[in-house]
Amino acid sequence: MAQESYSDTLTATALTLKDIAREAGVSLATVDRVLHNRPGVRPDTVRRVKEIIERNSFQPHVAAAELARARARRFAFVMPSGPNPFMQQIEAYLGEMSAWLSARRLSVEMVATDVFDPSVLAVSLETLFGDYDGVAVVALDHPGVRAAINDLVDAGTKVVTLVSDVPTSRRHHYVGIDNIAAGRTAGALVGRLVGGRTGKVAIVAGSQGLRDHAERIFGFNQVMASEFPGLAVLPVLEGRDEDERSEQLLARLFGRHSDIVGLYNVGAGTQGVAKALSDSGRDKQVVFVGHDVTALTRRLLLQGVMDAAISQNPGHEARAAVRVLLALARGEPILREQEKIRIDIVMRDNLP
């Protein structure tokens, strides 16, 4: 399969004291006096310089250290290709970080690839050798991908797994939620919302090769088996997070089983899942639990098609991944509590 990828640089330049002075129309010495609260500067000049500093998110103590480096640092984010709303939210938040990145002489580039195909993903990672200081990757847990991550680490690149982990690799850090806990939460929601009814529960995942999906399924099945013996969990359908594929698989499943009372969508492909559920005429009878608050899941919750979404904050994940990579590149400690990603249960009545 041919590699599908693109690259989009968000920012590569940093503001300097000279830039601040030029924009304010003052000397470099005046900017220095303002930064250090020294006397001899008119109040309106102080106010103008400070407004420019604040508007551009300029942090002199950060910039001074970064400008001492010979070049800007480059980070790559290896993300799934295709219309995955949650991943698109992460990319959008990275785009909004341009001023923060610029002040630290950082550039972030997006590399889209087929994360469901281990050979394609491994090749995508191999093409990054020697070009980046850090890599964040939404990774498939596969020997070929594991080897590519290890090769990057051996070459001196800092590697962070994002959303989906590869814990047996030598990656430096994982940024994401506790997916077993998320799956257990989904199981408890489905079981309790179904009530005292008996019947079958369907599961749609992107791929069980994605560690986050496999762990969610594991947690879900734990709760189903131990707490809801009257509900039989059907074999997992793998929709590759694609709407059309997920819709077709689920439509066939509904045709074979008239007693489905619960549905857990582990990843994306939500539009296809919802369409199959509505087309079956059972959208008001089947309890539907999925992940992430997007424009689509928000609408489905309001319509009553979807009963609950287990939410993780894409902005927090984007910022955490960059901060962790930067800390690793600088040899600084990672603030683990700051970078811990929490989960929330969102229903129609508590939509943010």
# chains A, B, ... in the order shown; residues from 1 in each chain; ligands from 1
>>> residues_around(residues="A:Ile177", least_positions_apart="2", cutoff="8 Å", atoms="only C-alpha atoms", output="list of chain:residue names")
A:Val163, A:Val175, A:Asn179, A:Ala182, A:Gln312, A:Lys340, A:Ile341, A:Arg342, A:Ile343
>>> write_last_selection(atoms="C-alpha atoms", output="compact mmCIF listing (two decimals), in the first residue's frame")
# COMPACT_ATOMS: atom_id res chain seq x y z
CA VAL A 163 -3.82 8.63 22.46
CA VAL A 175 0.16 11.03 26.56
CA ASN A 179 -8.10 3.32 28.34
CA ALA A 182 -12.49 4.25 29.98
CA GLN A 312 -11.04 13.30 26.81
CA LYS A 340 -2.28 13.51 33.18
CA ILE A 341 -5.33 13.26 30.92
CA ARG A 342 -8.67 12.75 32.67
CA ILE A 343 -11.93 11.34 31.34
>>> closest_atom_pairs(of="stretch 105-183 of chain A", to="stretch 191-206 of chain A", cutoff="12 Å", atoms="only C-alpha atoms", output="JSON lines")
{"residue": "A:Asp114", "atom": "CA", "partner": "A:Gly206", "partner_atom": "CA", "distance": 11.9}
{"residue": "A:Val115", "atom": "CA", "partner": "A:Gly206", "partner_atom": "CA", "distance": 10.3}
{"residue": "A:Phe116", "atom": "CA", "partner": "A:Gly206", "partner_atom": "CA", "distance": 8.1}
{"residue": "A:Asp117", "atom": "CA", "partner": "A:Gly206", "partner_atom": "CA", "distance": 11.6}
{"residue": "A:Leu140", "atom": "CA", "partner": "A:Gly206", "partner_atom": "CA", "distance": 10.9}
{"residue": "A:Ser164", "atom": "CA", "partner": "A:Gly206", "partner_atom": "CA", "distance": 11.8}
{"residue": "A:Gly183", "atom": "CA", "partner": "A:Ile203", "partner_atom": "CA", "distance": 11.2}
>>> write_last_selection(atoms="all heavy atoms", output="CSV table (one decimal), in the first residue's frame")
chain,number,residue,atom,x,y,z
A,114,ASP,N,-1.7,6.2,7.3
A,114,ASP,CA,-2.7,5.1,7.6
A,114,ASP,C,-2.2,4.4,8.9
A,114,ASP,O,-1.3,3.4,8.8
A,114,ASP,CB,-2.8,4.1,6.4
A,114,ASP,CG,-3.9,3.1,6.7
A,114,ASP,OD1,-4.4,3.0,7.8
A,114,ASP,OD2,-4.1,2.3,5.8
A,115,VAL,N,-2.6,4.8,10.0
A,115,VAL,CA,-2.1,4.2,11.3
A,115,VAL,C,-2.7,2.8,11.5
A,115,VAL,O,-2.2,2.0,12.4
A,115,VAL,CB,-2.5,5.0,12.5
A,115,VAL,CG1,-1.9,6.4,12.4
A,115,VAL,CG2,-4.0,5.1,12.7
A,116,PHE,N,-3.7,2.3,10.7
A,116,PHE,CA,-4.2,1.0,10.8
A,116,PHE,C,-3.4,0.0,10.0
A,116,PHE,O,-3.6,-1.2,10.2
A,116,PHE,CB,-5.7,0.9,10.3
A,116,PHE,CG,-6.6,1.8,11.2
A,116,PHE,CD1,-7.0,3.0,10.7
A,116,PHE,CD2,-7.0,1.3,12.4
A,116,PHE,CE1,-7.9,3.8,11.5
A,116,PHE,CE2,-7.8,2.1,13.2
A,116,PHE,CZ,-8.3,3.3,12.7
A,117,ASP,N,-2.5,0.4,9.2
A,117,ASP,CA,-1.6,-0.5,8.4
A,117,ASP,C,-0.2,-0.4,9.0
A,117,ASP,O,0.5,0.6,8.8
A,117,ASP,CB,-1.6,-0.1,6.9
A,117,ASP,CG,-0.9,-1.1,6.0
A,117,ASP,OD1,0.2,-1.6,6.5
A,117,ASP,OD2,-1.4,-1.3,4.9
A,140,LEU,N,0.0,2.1,16.2
A,140,LEU,CA,-0.5,0.8,16.3
A,140,LEU,C,0.5,-0.1,17.0
A,140,LEU,O,1.7,0.0,16.8
A,140,LEU,CB,-0.7,0.2,14.8
A,140,LEU,CG,-1.5,-1.0,14.6
A,140,LEU,CD1,-3.0,-0.8,14.7
A,140,LEU,CD2,-1.2,-1.6,13.2
A,164,SER,N,-2.9,6.5,21.7
A,164,SER,CA,-2.7,5.0,21.8
A,164,SER,C,-1.3,4.7,22.0
A,164,SER,O,-0.4,5.1,21.3
A,164,SER,CB,-3.2,4.4,20.4
A,164,SER,OG,-3.2,3.0,20.5
A,183,GLY,N,-12.9,2.0,29.2
A,183,GLY,CA,-13.7,0.9,28.7
A,183,GLY,C,-14.6,0.3,29.9
A,183,GLY,O,-15.7,0.0,29.6
>>> closest_residue(among="A:Gly156, A:Pro80, A:Gly130, A:Gly95", to="A:Leu210", atoms="only C-alpha atoms")
A:Pro80
>>> closest_residue(among="A:Ala321, A:Val266, A:Ala147, A:Leu328", to="A:Leu162", atoms="only C-alpha atoms")
A:Ala321
>>> closest_residue(among="A:Val322, A:Leu253, A:Ala309, A:Val41", to="A:Arg104", atoms="only C-alpha atoms")
A:Val322
>>> atom_distance(atom1="atom CA of A:Arg211", atom2="atom CA of A:Gly315")
21.2 Å
>>> residues_around(residues="A:Val153", least_positions_apart="5", cutoff="10 Å", atoms="only C-alpha atoms", output="number ranges by chain")
A: 129, 134-135, 147-148, 158-159, 169-172
>>> closest_residue(among="A:Ala320, A:Ala186, A:Leu94, A:Gln338", to="A:Val287", atoms="only C-alpha atoms")
A:Ala186
>>> decode(residues="stretch 120-142 of chain A", atoms="N, CA, C and O atoms", output="compact mmCIF listing (two decimals), in the first residue's frame")
# COMPACT_ATOMS: atom_id res chain seq x y z
N VAL A 120 2.70 0.64 6.59
CA VAL A 120 2.64 2.04 6.17
C VAL A 120 3.07 2.96 7.31
O VAL A 120 3.85 3.90 7.12
N LEU A 121 2.58 2.67 8.52
CA LEU A 121 2.95 3.49 9.67
C LEU A 121 4.44 3.39 9.95
O LEU A 121 5.10 4.40 10.24
N ALA A 122 5.00 2.19 9.86
CA ALA A 122 6.44 2.01 10.11
C ALA A 122 7.27 2.80 9.10
O ALA A 122 8.25 3.45 9.46
N VAL A 123 6.87 2.76 7.84
CA VAL A 123 7.59 3.52 6.80
C VAL A 123 7.50 5.02 7.09
O VAL A 123 8.48 5.76 6.94
N SER A 124 6.32 5.48 7.51
CA SER A 124 6.15 6.90 7.83
C SER A 124 7.11 7.32 8.94
O SER A 124 7.71 8.39 8.88
N LEU A 125 7.27 6.47 9.95
CA LEU A 125 8.18 6.78 11.04
C LEU A 125 9.63 6.73 10.57
O LEU A 125 10.45 7.58 10.96
N GLU A 126 9.95 5.78 9.71
CA GLU A 126 11.32 5.66 9.21
C GLU A 126 11.75 6.88 8.40
O GLU A 126 12.93 7.24 8.38
N THR A 127 10.81 7.52 7.71
CA THR A 127 11.15 8.69 6.90
C THR A 127 11.50 9.90 7.76
O THR A 127 12.02 10.90 7.24
N LEU A 128 11.25 9.83 9.08
CA LEU A 128 11.50 10.97 9.96
C LEU A 128 12.90 10.94 10.56
O LEU A 128 13.31 11.90 11.22
N PHE A 129 13.64 9.87 10.34
CA PHE A 129 14.97 9.71 10.95
C PHE A 129 15.86 10.91 10.63
O PHE A 129 16.02 11.30 9.48
N GLY A 130 16.45 11.48 11.68
CA GLY A 130 17.44 12.53 11.50
C GLY A 130 16.89 13.91 11.23
O GLY A 130 17.65 14.88 11.21
N ASP A 131 15.58 14.03 11.03
CA ASP A 131 15.00 15.32 10.66
C ASP A 131 14.29 16.04 11.80
O ASP A 131 14.00 17.23 11.68
N TYR A 132 14.00 15.32 12.88
CA TYR A 132 13.19 15.91 13.94
C TYR A 132 13.81 15.65 15.31
O TYR A 132 14.41 14.61 15.55
N ASP A 133 13.63 16.62 16.20
CA ASP A 133 14.09 16.46 17.58
C ASP A 133 13.12 15.60 18.39
O ASP A 133 13.52 14.93 19.34
N GLY A 134 11.84 15.64 18.01
CA GLY A 134 10.84 14.86 18.73
C GLY A 134 9.71 14.43 17.82
O GLY A 134 9.41 15.11 16.83
N VAL A 135 9.10 13.29 18.15
CA VAL A 135 8.00 12.75 17.36
C VAL A 135 6.89 12.31 18.32
O VAL A 135 7.15 11.60 19.29
N ALA A 136 5.67 12.75 18.04
CA ALA A 136 4.48 12.25 18.73
C ALA A 136 3.70 11.42 17.72
O ALA A 136 3.46 11.87 16.61
N VAL A 137 3.32 10.21 18.09
CA VAL A 137 2.70 9.31 17.12
C VAL A 137 1.48 8.61 17.72
O VAL A 137 1.52 8.14 18.87
N VAL A 138 0.39 8.60 16.97
CA VAL A 138 -0.77 7.76 17.28
C VAL A 138 -0.45 6.39 16.70
O VAL A 138 -0.49 6.19 15.49
N ALA A 139 -0.09 5.45 17.56
CA ALA A 139 0.61 4.26 17.09
C ALA A 139 -0.20 2.98 17.21
O ALA A 139 -0.95 2.78 18.17
N LEU A 140 -0.03 2.12 16.23
CA LEU A 140 -0.53 0.76 16.26
C LEU A 140 0.47 -0.10 17.03
O LEU A 140 1.68 0.02 16.84
N ASP A 141 -0.03 -0.95 17.92
CA ASP A 141 0.87 -1.82 18.69
C ASP A 141 1.19 -3.04 17.85
O ASP A 141 0.47 -4.03 17.85
N HIS A 142 2.31 -2.96 17.12
CA HIS A 142 2.72 -4.01 16.17
C HIS A 142 4.25 -4.09 16.17
O HIS A 142 4.93 -3.06 16.35
